[in-house]
$ cat target.txt   # compact mmCIF, C-alpha atoms
# COMPACT_ATOMS: atom_id res chain seq x y z
CA MET I 280 97.87 0.16 50.97
CA THR I 281 97.21 -0.37 47.32
CA GLN I 282 99.56 0.70 44.58
CA PRO I 283 98.96 4.09 42.95
CA SER I 284 96.86 4.14 39.80
CA ALA I 285 97.61 6.48 36.90
CA ALA I 286 98.47 9.96 38.08
CA VAL I 287 95.93 12.74 37.90
CA ALA I 288 97.90 15.32 35.89
CA ALA I 289 95.61 18.34 36.12
CA SER I 290 92.88 19.67 38.41
CA PRO I 291 90.61 16.73 39.17
CA GLY I 292 87.26 16.80 37.41
CA PRO I 293 83.96 16.00 39.14
CA ALA I 294 84.27 12.25 38.54
CA VAL I 295 87.75 12.03 40.05
CA ALA I 296 86.81 14.30 42.94
CA GLY I 297 83.74 12.20 43.62
CA ALA I 298 85.77 9.01 43.55
CA ALA I 299 88.38 10.39 45.96
CA ALA I 300 85.68 11.60 48.36
CA ALA I 301 83.96 8.22 48.18
CA VAL I 302 87.21 6.43 49.06
CA ARG I 303 87.55 8.63 52.10
CA ARG I 304 83.98 8.04 53.25
CA ALA I 305 84.44 4.29 52.90
CA ASN I 306 87.49 4.29 55.17
CA PHE I 307 87.11 7.15 57.64
CA PRO I 308 84.44 8.84 59.77
CA ASP I 309 82.96 12.16 58.68
CA VAL I 310 85.43 14.35 60.56
CA MET I 311 88.10 16.78 59.40
CA ASP I 312 91.08 17.39 61.64
CA PHE I 313 92.89 20.72 61.85
CA TYR I 314 96.26 21.26 63.50
CA ALA I 315 98.12 24.26 64.90
CA PRO I 316 101.43 23.31 66.52
CA GLY I 317 103.69 25.96 67.99
CA LEU I 318 105.99 25.99 64.99
CA LYS I 319 104.89 29.57 64.31
CA ARG I 320 102.48 32.19 65.58
CA TRP I 321 99.17 31.69 63.85
CA GLN I 322 95.45 32.34 64.23
CA THR I 323 92.34 33.04 62.17
CA PRO I 324 88.89 34.39 63.07
CA GLU I 325 87.78 30.74 63.27
CA TRP I 326 90.48 29.57 65.67
CA THR I 327 92.93 31.09 68.09
CA PRO I 328 95.03 28.34 69.73
CA ALA I 329 94.86 28.44 73.51
CA ASN I 330 98.47 27.41 74.08
CA PRO I 331 100.88 28.18 71.20
CA ARG I 332 103.70 26.50 73.15
CA ARG I 333 101.93 23.14 73.40
CA PHE I 334 104.06 21.49 70.69
CA LEU I 335 107.42 22.99 69.75
CA PRO I 336 110.31 22.29 67.33
CA VAL I 337 113.83 21.72 68.64
CA SER I 338 117.09 21.70 66.68
CA VAL I 339 119.94 19.55 67.98
CA THR I 340 122.36 21.38 65.65
CA GLY I 341 121.24 24.95 66.30
CA PRO I 342 121.10 26.90 63.01
CA ALA I 343 123.81 24.74 61.38
CA CYS I 344 123.28 22.40 58.42
CA ALA I 345 125.99 20.81 56.29
CA LEU I 346 123.88 20.68 53.12
CA SER I 347 122.40 24.16 52.56
CA CYS I 348 119.75 22.71 50.25
CA ASP I 349 118.54 25.00 47.47
CA HIS I 350 114.96 25.19 48.80
CA CYS I 351 115.85 25.92 52.43
CA GLN I 352 119.43 27.15 53.02
CA ALA I 353 118.92 26.24 56.71
CA LYS I 354 116.28 28.97 57.10
CA VAL I 355 113.78 26.51 58.57
CA LEU I 356 116.18 25.92 61.48
CA GLN I 357 116.07 29.59 62.43
CA GLY I 358 112.56 29.19 63.80
CA MET I 359 113.47 26.24 66.02
CA ILE I 360 114.57 26.20 69.65
CA SER I 361 118.22 25.22 69.97
CA VAL I 362 119.76 23.03 72.64
CA ARG I 363 121.90 25.51 74.58
CA ALA I 364 125.59 25.06 75.33
CA GLY I 365 125.87 22.96 78.48
CA GLU I 366 122.23 21.86 78.19
CA ASP I 367 121.08 18.39 77.16
CA LEU I 368 117.84 17.43 75.45
CA PHE I 369 116.14 16.42 78.71
CA ALA I 370 117.00 19.75 80.36
CA LEU I 371 115.61 21.59 77.35
CA ALA I 372 112.45 19.48 77.38
CA GLN I 373 112.00 20.11 81.09
CA ARG I 374 112.41 23.86 80.57
CA LEU I 375 109.82 23.86 77.79
CA HIS I 376 107.50 21.58 79.78
CA ASP I 377 107.58 24.08 82.65
CA GLN I 378 106.47 26.72 80.12
CA GLY I 379 103.46 24.68 79.00
CA SER I 380 104.82 22.42 76.27
CA GLU I 381 103.42 18.91 75.92
CA GLY I 382 105.39 17.63 72.94
CA LEU I 383 108.52 18.14 70.87
CA LEU I 384 109.59 17.79 67.28
CA VAL I 385 113.29 16.96 67.58
CA SER I 386 115.02 17.92 64.36
CA GLY I 387 118.14 19.72 63.18
CA GLY I 388 120.43 20.32 60.27
CA SER I 389 121.70 17.48 58.14
CA THR I 390 125.13 15.90 58.00
CA ARG I 391 126.88 15.37 54.67
CA ALA I 392 125.48 11.82 54.75
CA GLY I 393 121.91 13.15 54.66
CA GLY I 394 120.80 12.35 58.20
CA VAL I 395 120.12 14.46 61.28
CA PRO I 396 122.68 13.66 64.04
CA LEU I 397 120.15 12.35 66.54
CA LEU I 398 122.02 9.41 68.05
CA PRO I 399 123.84 11.35 70.82
CA HIS I 400 120.49 12.69 72.05
CA LEU I 401 118.22 9.65 71.89
CA HIS I 402 119.04 8.30 75.35
CA HIS I 403 117.13 11.28 76.80
CA VAL I 404 113.89 10.41 74.99
CA PRO I 405 112.59 7.66 77.33
CA ARG I 406 113.03 9.95 80.31
CA ILE I 407 111.29 12.84 78.52
CA ARG I 408 108.34 10.60 77.75
CA ALA I 409 108.18 8.88 81.14
CA GLU I 410 108.94 11.73 83.55
CA LEU I 411 107.47 14.67 81.65
CA GLY I 412 104.70 12.86 79.77
CA MET I 413 105.73 14.60 76.55
CA LYS I 414 105.34 13.31 73.01
CA VAL I 415 108.60 13.11 71.05
CA ILE I 416 108.55 13.07 67.24
CA VAL I 417 111.86 13.13 65.42
CA HIS I 418 112.79 14.36 61.96
CA SER I 419 115.47 11.93 60.89
CA GLY I 420 116.58 12.64 57.36
CA VAL I 421 118.05 9.58 55.65
CA VAL I 422 118.01 6.62 58.07
CA SER I 423 120.91 4.24 58.59
CA PRO I 424 120.39 0.80 60.19
CA ARG I 425 122.15 2.09 63.31
CA LEU I 426 119.87 5.13 63.57
CA ALA I 427 116.76 3.00 63.04
CA ALA I 428 117.85 0.72 65.89
CA GLY I 429 118.56 3.73 68.11
CA LEU I 430 115.17 5.26 67.39
CA ALA I 431 113.45 1.98 68.25
CA GLU I 432 115.43 1.60 71.49
CA ALA I 433 114.53 5.18 72.46
CA ASP I 434 110.85 4.39 71.76
CA VAL I 435 110.21 7.66 69.96
CA ASP I 436 106.57 8.40 69.21
CA GLY I 437 107.16 8.72 65.47
CA VAL I 438 109.72 9.37 62.75
CA MET I 439 109.27 12.05 60.08
CA LEU I 440 111.36 12.04 56.90
CA ASP I 441 111.15 13.49 53.41
CA ILE I 442 110.79 10.89 50.67
CA ILE I 443 112.22 12.02 47.34
CA GLY I 444 111.46 10.10 44.18
CA ALA I 445 114.04 11.52 41.74
CA ASP I 446 117.80 11.10 41.83
CA GLU I 447 118.14 14.51 40.14
CA THR I 448 116.35 16.22 43.03
CA ILE I 449 118.49 14.48 45.63
CA ARG I 450 121.60 15.56 43.79
CA GLU I 451 120.68 19.06 42.59
CA VAL I 452 118.42 20.35 45.38
CA TYR I 453 119.80 18.47 48.42
CA HIS I 454 123.41 18.25 47.17
CA LEU I 455 123.62 14.63 48.28
CA GLY I 456 125.39 11.78 46.56
CA LEU I 457 122.50 9.44 47.30
CA THR I 458 119.74 7.86 45.21
CA VAL I 459 116.07 7.03 45.46
CA ALA I 460 117.15 3.58 46.64
CA ASP I 461 118.50 5.20 49.82
CA MET I 462 115.04 6.64 50.48
CA ASP I 463 113.54 3.18 50.10
CA ARG I 464 116.16 1.69 52.42
CA SER I 465 115.28 4.32 55.03
CA LEU I 466 111.64 3.29 54.94
CA ALA I 467 112.61 -0.38 55.11
CA ALA I 468 114.90 0.20 58.11
CA LEU I 469 112.19 2.04 60.05
CA SER I 470 109.60 -0.56 59.13
CA SER I 471 111.82 -3.44 60.22
CA HIS I 472 111.89 -2.00 63.75
CA GLY I 473 108.15 -1.39 63.89
CA LEU I 474 108.56 2.37 64.19
CA ARG I 475 105.71 4.73 63.47
CA ILE I 476 106.64 6.14 60.04
CA ILE I 477 105.46 9.60 58.97
CA PRO I 478 106.78 10.27 55.46
CA HIS I 479 106.55 13.71 53.87
CA ILE I 480 106.38 14.34 50.13
CA VAL I 481 107.26 17.89 49.06
CA LEU I 482 105.23 18.69 45.94
CA GLY I 483 107.16 20.74 43.38
CA LEU I 484 110.45 20.30 45.20
CA HIS I 485 112.47 20.23 41.96
CA TYR I 486 112.54 24.00 41.42
CA GLY I 487 108.77 24.33 41.38
CA ARG I 488 108.00 21.43 39.06
CA PHE I 489 106.95 17.87 39.67
CA LEU I 490 109.71 15.30 39.30
CA GLY I 491 109.55 12.07 41.25
CA GLU I 492 106.55 12.80 43.47
CA HIS I 493 104.59 9.87 42.04
CA ARG I 494 107.58 7.57 42.44
CA ALA I 495 107.84 8.72 46.06
CA LEU I 496 104.18 7.86 46.54
CA GLU I 497 104.78 4.41 45.09
CA MET I 498 107.54 3.84 47.65
CA VAL I 499 105.42 5.04 50.54
CA THR I 500 102.56 2.71 49.63
CA ARG I 501 104.82 -0.31 50.04
CA TYR I 502 105.24 0.28 53.77
CA PRO I 503 102.90 0.44 56.78
CA VAL I 504 103.15 4.19 57.31
CA SER I 505 101.25 5.88 60.12
CA THR I 506 100.45 9.12 58.30
CA LEU I 507 101.43 10.57 54.93
CA ILE I 508 102.05 14.31 55.00
CA LEU I 509 101.87 16.31 51.77
CA VAL I 510 103.49 19.75 51.67
CA VAL I 511 103.94 22.18 48.81
CA LEU I 512 107.14 24.00 47.88
CA VAL I 513 107.20 27.59 49.12
CA PRO I 514 110.13 29.41 47.48
CA LEU I 515 111.89 31.18 50.37
CA VAL I 516 113.54 34.57 50.21
CA GLY I 517 117.31 34.25 50.31
CA THR I 518 117.42 30.85 48.64
CA PRO I 519 118.23 29.91 45.03
CA MET I 520 114.51 29.26 44.55
CA GLU I 521 113.22 32.61 45.82
CA HIS I 522 112.13 33.89 42.40
CA LEU I 523 110.48 30.66 41.28
CA PRO I 524 106.70 30.23 41.20
CA PRO I 525 105.29 27.40 43.34
CA PRO I 526 104.00 24.35 41.47
CA PRO I 527 100.70 24.75 39.56
CA VAL I 528 97.63 24.41 41.76
CA GLY I 529 96.01 21.93 39.38
CA GLU I 530 98.98 19.60 39.52
CA VAL I 531 99.04 19.79 43.32
CA THR I 532 95.33 19.08 43.71
CA GLY I 533 95.63 16.31 41.16
CA PHE I 534 98.23 14.72 43.40
CA PHE I 535 95.85 15.01 46.35
CA ALA I 536 93.36 12.83 44.48
CA THR I 537 96.02 10.39 43.30
CA ALA I 538 97.36 9.97 46.84
CA ARG I 539 93.89 9.47 48.31
CA MET I 540 93.07 6.69 45.88
CA ALA I 541 96.53 5.12 46.12
CA ALA I 542 96.38 4.88 49.90
CA PRO I 543 92.66 4.52 50.68
CA ALA I 544 93.00 3.59 54.35
CA THR I 545 96.02 5.73 55.23
CA THR I 546 95.62 9.05 56.99
CA ILE I 547 96.83 11.79 54.61
CA ASN I 548 97.28 15.34 55.85
CA LEU I 549 98.16 18.63 54.19
CA GLY I 550 101.11 19.83 56.23
CA CYS I 551 102.48 23.19 57.33
CA ALA I 552 104.26 24.32 54.17
CA ARG I 553 102.22 25.66 51.26
CA PRO I 554 101.82 29.03 49.50
CA LEU I 555 99.86 31.74 51.29
CA GLY I 556 96.98 33.93 50.13
CA PRO I 557 94.26 32.79 47.73
CA VAL I 558 96.30 29.75 46.71
CA LYS I 559 96.30 28.50 50.28
CA ALA I 560 92.52 28.80 50.51
CA GLU I 561 92.14 26.98 47.19
CA LEU I 562 94.46 24.16 48.25
CA ASP I 563 92.72 23.77 51.60
CA GLN I 564 89.29 23.50 50.00
CA ALA I 565 90.66 20.97 47.52
CA ALA I 566 92.16 18.93 50.36
CA ILE I 567 88.74 18.80 51.99
CA ASP I 568 86.92 17.95 48.76
CA LEU I 569 89.45 15.35 47.62
CA GLY I 570 89.39 13.26 50.74
CA LEU I 571 92.42 14.26 52.76
CA ASN I 572 92.04 13.81 56.50
CA GLY I 573 93.60 16.90 58.03
CA ILE I 574 95.15 20.31 57.45
CA ALA I 575 97.83 22.16 59.41
CA TYR I 576 97.30 25.90 59.92
CA PRO I 577 94.07 26.03 57.91
CA ALA I 578 93.26 29.04 55.77
CA GLU I 579 90.56 31.40 56.99
CA GLY I 580 87.19 29.81 56.22
CA ALA I 581 88.51 26.26 55.87
CA ILE I 582 86.95 25.06 59.13
CA GLY I 583 83.55 26.38 58.13
CA TYR I 584 83.98 24.94 54.65
CA ALA I 585 84.64 21.48 56.09
CA ARG I 586 81.47 21.75 58.14
CA SER I 587 79.50 22.79 55.04
CA ARG I 588 80.74 19.62 53.32
CA GLY I 589 79.32 17.43 56.06
CA LEU I 590 82.57 16.97 58.00
CA GLN I 591 82.76 17.67 61.73
CA PRO I 592 85.87 19.77 62.44
CA ARG I 593 88.23 18.76 65.23
CA LEU I 594 91.03 21.09 66.36
CA PHE I 595 94.36 19.94 67.79
CA GLU I 596 97.20 22.12 69.06
CA TYR I 597 99.98 19.80 67.96
CA CYS I 598 101.77 18.48 64.90
CA CYS I 599 99.66 16.91 62.16
CA SER I 600 101.90 13.84 62.35
CA LEU I 601 100.39 12.85 65.72
CA THR I 602 97.21 11.55 64.14
CA TRP I 603 96.84 8.56 66.46
CA THR I 604 96.83 10.75 69.57
CA GLY I 605 93.41 12.29 69.01
CA ALA I 606 91.83 8.87 68.61
CA GLN I 607 93.56 7.09 71.48
CA GLU I 608 94.10 9.93 73.96
CA THR I 609 91.03 12.09 73.64
CA GLY I 610 92.13 14.49 76.35
CA TYR I 611 95.41 15.42 74.72
CA ALA I 612 95.39 18.99 73.44
CA LYS I 613 91.98 18.72 71.86
CA VAL I 614 89.69 21.69 71.45
CA GLU I 615 86.10 20.91 70.54
CA VAL I 616 84.52 23.12 67.90
CA GLY I 617 81.01 24.36 68.52
CA VAL I 618 78.31 23.69 65.97

$ encode --input "target.txt" --output "structure tokens"
Amino acid sequence: MTQPSAAVAASPGPAVAGAAAAVRRANFPDVMDFYAPGLKRWQTPEWTPANPRRFLPVSVTGPACALSCDHCQAKVLQGMISVRAGEDLFALAQRLHDQGSEGLLVSGGSTRAGGVPLLPHLHHVPRIRAELGMKVIVHSGVVSPRLAAGLAEADVDGVMLDIIGADETIREVYHLGLTVADMDRSLAALSSHGLRIIPHIVLGLHYGRFLGEHRALEMVTRYPVSTLILVVLVPLVGTPMEHLPPPPVGEVTGFFATARMAAPATTINLGCARPLGPVKAELDQAAIDLGLNGIAYPAEGAIGYARSRGLQPRLFEYCCSLTWTGAQETGYAKVEVGV
């Protein structure tokens, strides 16, 4: 990947939009991928997923998190499936597999050190993959050398983690005594083991304003990441951020263009989290116009819009981090879209 050029601060004009679209065309086929994992119930008139349980999120800590970050307060964990008392990760995977699941996102609450306590569960992953044929993506949080080695030994399919580019955000939003250097060390540790890295950048994470997103992008471009996922802060009810507006649309779409040109050959997807309503439709159209590769839970009309822009839609009922699966395993959870 190349290093990011100057940031696009406002809504991209025609020249910038054209340049971003041209970069995409030079590096990718004319397709647009859409994703609908079973993280929530979702459908539009354009697409009703056939199996909402195909890819599910699992929490190894139940609803518990030691950090209670200002943007989440552990509310995201409430929608995950918990490992039951007396049940191990393989038994849970087998139970979900019997109900139609084909893949898992293994996540959980954070420890005070900033990582998800995955190590006690990783020895089940090879058996889940071999005996059940399931994909296993993990959400790691901050990665220690020991965790990176454990993830590599378990042969997980991919590792998701948030990359934060401002010490203030790490301290004030996540309540961690870490720095941006710890984020960089996490990427380096994963890279040193050849793991498939799927970094997420949360746009507007610092109480609805940009602070460190471009620095996070600079870090990401120094490593051989599999897929970059961009998500947008959604202030949640019951959190310290609930009354804040989300970040300005122009600044978000400007970042889309900056990311596309900074990482011309890297798959970049717009992930699950972003504001709803007209803003969602606007962001999804901008993602299509500005050269992103995929969108999770597309807004109504986004699939048709992609087709109108000369992109063939492809639909996948799994996490937008599994971008290599559609190319290499064409039978895996793919739903062809009629013309």

$ residues_near_point --input "target.txt" --point "(86.2, 28.0, 53.4)" --cutoff "12 Å" --atoms "all atoms listed in the file" --output "PDB file with C-alpha atoms, keeping the file's coordinate frame"
ATOM      1  CA  THR I 323      92.340  33.040  62.170  1.00  0.00           C
ATOM      2  CA  PRO I 324      88.890  34.390  63.070  1.00  0.00           C
ATOM      3  CA  GLU I 325      87.780  30.740  63.270  1.00  0.00           C
ATOM      4  CA  PRO I 557      94.260  32.790  47.730  1.00  0.00           C
ATOM      5  CA  LYS I 559      96.300  28.500  50.280  1.00  0.00           C
ATOM      6  CA  ALA I 560      92.520  28.800  50.510  1.00  0.00           C
ATOM      7  CA  GLU I 561      92.140  26.980  47.190  1.00  0.00           C
ATOM      8  CA  LEU I 562      94.460  24.160  48.250  1.00  0.00           C
ATOM      9  CA  ASP I 563      92.720  23.770  51.600  1.00  0.00           C
ATOM     10  CA  GLN I 564      89.290  23.500  50.000  1.00  0.00           C
ATOM     11  CA  ALA I 565      90.660  20.970  47.520  1.00  0.00           C
ATOM     12  CA  ALA I 566      92.160  18.930  50.360  1.00  0.00           C
ATOM     13  CA  ILE I 567      88.740  18.800  51.990  1.00  0.00           C
ATOM     14  CA  ASP I 568      86.920  17.950  48.760  1.00  0.00           C
ATOM     15  CA  PRO I 577      94.070  26.030  57.910  1.00  0.00           C
ATOM     16  CA  ALA I 578      93.260  29.040  55.770  1.00  0.00           C
ATOM     17  CA  GLU I 579      90.560  31.400  56.990  1.00  0.00           C
ATOM     18  CA  GLY I 580      87.190  29.810  56.220  1.00  0.00           C
ATOM     19  CA  ALA I 581      88.510  26.260  55.870  1.00  0.00           C
ATOM     20  CA  ILE I 582      86.950  25.060  59.130  1.00  0.00           C
ATOM     21  CA  GLY I 583      83.550  26.380  58.130  1.00  0.00           C
ATOM     22  CA  TYR I 584      83.980  24.940  54.650  1.00  0.00           C
ATOM     23  CA  ALA I 585      84.640  21.480  56.090  1.00  0.00           C
ATOM     24  CA  ARG I 586      81.470  21.750  58.140  1.00  0.00           C
ATOM     25  CA  SER I 587      79.500  22.790  55.040  1.00  0.00           C
ATOM     26  CA  ARG I 588      80.740  19.620  53.320  1.00  0.00           C
TER      27      ARG I 588
END

$ closest_atom_pairs --input "target.txt" --of "region 300-366 of chain I" --to "region 408-431 of chain I" --cutoff "12 Å" --atoms "all atoms listed in the file" --output "Markdown table"
| residue | atom | partner | partner_atom | distance |
| --- | --- | --- | --- | --- |
| I:Arg333 | CA | I:Met413 | CA | 9.9 |
| I:Phe334 | CA | I:Lys414 | CA | 8.6 |
| I:Leu335 | CA | I:Val415 | CA | 10.0 |
| I:Pro336 | CA | I:Ile416 | CA | 9.4 |
| I:Val337 | CA | I:Val417 | CA | 9.4 |
| I:Ser338 | CA | I:His418 | CA | 9.7 |
| I:Val339 | CA | I:Val417 | CA | 10.6 |
| I:Cys344 | CA | I:Gly420 | CA | 11.9 |
| I:Leu346 | CA | I:Gly420 | CA | 11.7 |

$ atom_distance --input "target.txt" --atom1 "CA of Arg488 (chain I)" --atom2 "CA of Pro525 (chain I)"
7.8 Å

$ atom_distance --input "target.txt" --atom1 "CA of Val504 (chain I)" --atom2 "CA of Ser470 (chain I)"
8.2 Å

$ residues_near_point --input "target.txt" --point "(85.3, 5.9, 44.4)" --cutoff "12 Å" --atoms "all atoms listed in the file" --output "short mmCIF file (atom, residue, chain, number, x, y, z; two decimals) with C-alpha atoms, in the coordinates of the input"
data_model
loop_
_atom_site.label_atom_id
_atom_site.label_comp_id
_atom_site.auth_asym_id
_atom_site.auth_seq_id
_atom_site.Cartn_x
_atom_site.Cartn_y
_atom_site.Cartn_z
CA PRO I 293 83.96 16.00 39.14
CA ALA I 294 84.27 12.25 38.54
CA VAL I 295 87.75 12.03 40.05
CA ALA I 296 86.81 14.30 42.94
CA GLY I 297 83.74 12.20 43.62
CA ALA I 298 85.77 9.01 43.55
CA ALA I 299 88.38 10.39 45.96
CA ALA I 300 85.68 11.60 48.36
CA ALA I 301 83.96 8.22 48.18
CA VAL I 302 87.21 6.43 49.06
CA ARG I 303 87.55 8.63 52.10
CA ARG I 304 83.98 8.04 53.25
CA ALA I 305 84.44 4.29 52.90
CA ASN I 306 87.49 4.29 55.17
CA ALA I 536 93.36 12.83 44.48
CA THR I 537 96.02 10.39 43.30
CA ARG I 539 93.89 9.47 48.31
CA MET I 540 93.07 6.69 45.88
CA ALA I 541 96.53 5.12 46.12
CA PRO I 543 92.66 4.52 50.68
CA LEU I 569 89.45 15.35 47.62
CA GLY I 570 89.39 13.26 50.74
#

$ build_atoms --input "target.txt" --residues "region 419-432 of chain I" --atoms "N, CA, C and O atoms" --output "PDB file, keeping the file's coordinate frame"
ATOM      1  N   SER I 419     114.246  12.714  60.952  1.00  0.00           N
ATOM      2  CA  SER I 419     115.470  11.930  60.890  1.00  0.00           C
ATOM      3  C   SER I 419     116.372  12.221  59.706  1.00  0.00           C
ATOM      4  O   SER I 419     117.578  11.974  59.770  1.00  0.00           O
ATOM      5  N   GLY I 420     115.824  12.680  58.592  1.00  0.00           N
ATOM      6  CA  GLY I 420     116.580  12.640  57.360  1.00  0.00           C
ATOM      7  C   GLY I 420     116.769  11.195  56.934  1.00  0.00           C
ATOM      8  O   GLY I 420     116.022  10.295  57.356  1.00  0.00           O
ATOM      9  N   VAL I 421     117.770  10.939  56.112  1.00  0.00           N
ATOM     10  CA  VAL I 421     118.050   9.580  55.650  1.00  0.00           C
ATOM     11  C   VAL I 421     118.408   8.706  56.852  1.00  0.00           C
ATOM     12  O   VAL I 421     119.150   9.136  57.741  1.00  0.00           O
ATOM     13  N   VAL I 422     117.875   7.483  56.890  1.00  0.00           N
ATOM     14  CA  VAL I 422     118.010   6.620  58.070  1.00  0.00           C
ATOM     15  C   VAL I 422     118.972   5.472  57.797  1.00  0.00           C
ATOM     16  O   VAL I 422     118.779   4.687  56.871  1.00  0.00           O
ATOM     17  N   SER I 423     119.999   5.375  58.638  1.00  0.00           N
ATOM     18  CA  SER I 423     120.910   4.240  58.590  1.00  0.00           C
ATOM     19  C   SER I 423     120.363   3.125  59.478  1.00  0.00           C
ATOM     20  O   SER I 423     119.519   3.373  60.353  1.00  0.00           O
ATOM     21  N   PRO I 424     120.822   1.884  59.287  1.00  0.00           N
ATOM     22  CA  PRO I 424     120.390   0.800  60.190  1.00  0.00           C
ATOM     23  C   PRO I 424     120.673   1.126  61.655  1.00  0.00           C
ATOM     24  O   PRO I 424     119.857   0.814  62.537  1.00  0.00           O
ATOM     25  N   ARG I 425     121.811   1.751  61.924  1.00  0.00           N
ATOM     26  CA  ARG I 425     122.150   2.090  63.310  1.00  0.00           C
ATOM     27  C   ARG I 425     121.170   3.114  63.876  1.00  0.00           C
ATOM     28  O   ARG I 425     120.734   3.003  65.027  1.00  0.00           O
ATOM     29  N   LEU I 426     120.825   4.131  63.085  1.00  0.00           N
ATOM     30  CA  LEU I 426     119.870   5.130  63.570  1.00  0.00           C
ATOM     31  C   LEU I 426     118.499   4.507  63.786  1.00  0.00           C
ATOM     32  O   LEU I 426     117.830   4.795  64.785  1.00  0.00           O
ATOM     33  N   ALA I 427     118.065   3.654  62.875  1.00  0.00           N
ATOM     34  CA  ALA I 427     116.760   3.000  63.040  1.00  0.00           C
ATOM     35  C   ALA I 427     116.717   2.204  64.341  1.00  0.00           C
ATOM     36  O   ALA I 427     115.728   2.255  65.088  1.00  0.00           O
ATOM     37  N   ALA I 428     117.794   1.482  64.643  1.00  0.00           N
ATOM     38  CA  ALA I 428     117.850   0.720  65.890  1.00  0.00           C
ATOM     39  C   ALA I 428     117.823   1.649  67.097  1.00  0.00           C
ATOM     40  O   ALA I 428     117.149   1.372  68.105  1.00  0.00           O
ATOM     41  N   GLY I 429     118.545   2.772  67.006  1.00  0.00           N
ATOM     42  CA  GLY I 429     118.560   3.730  68.110  1.00  0.00           C
ATOM     43  C   GLY I 429     117.204   4.369  68.342  1.00  0.00           C
ATOM     44  O   GLY I 429     116.788   4.572  69.488  1.00  0.00           O
ATOM     45  N   LEU I 430     116.506   4.674  67.265  1.00  0.00           N
ATOM     46  CA  LEU I 430     115.170   5.260  67.390  1.00  0.00           C
ATOM     47  C   LEU I 430     114.202   4.272  68.035  1.00  0.00           C
ATOM     48  O   LEU I 430     113.353   4.652  68.846  1.00  0.00           O
ATOM     49  N   ALA I 431     114.323   3.003  67.666  1.00  0.00           N
ATOM     50  CA  ALA I 431     113.450   1.980  68.250  1.00  0.00           C
ATOM     51  C   ALA I 431     113.760   1.797  69.730  1.00  0.00           C
ATOM     52  O   ALA I 431     112.849   1.691  70.563  1.00  0.00           O
ATOM     53  N   GLU I 432     115.050   1.762  70.085  1.00  0.00           N
ATOM     54  CA  GLU I 432     115.430   1.600  71.490  1.00  0.00           C
ATOM     55  C   GLU I 432     114.958   2.792  72.325  1.00  0.00           C
ATOM     56  O   GLU I 432     114.544   2.637  73.482  1.00  0.00           O
TER      57      GLU I 432
END
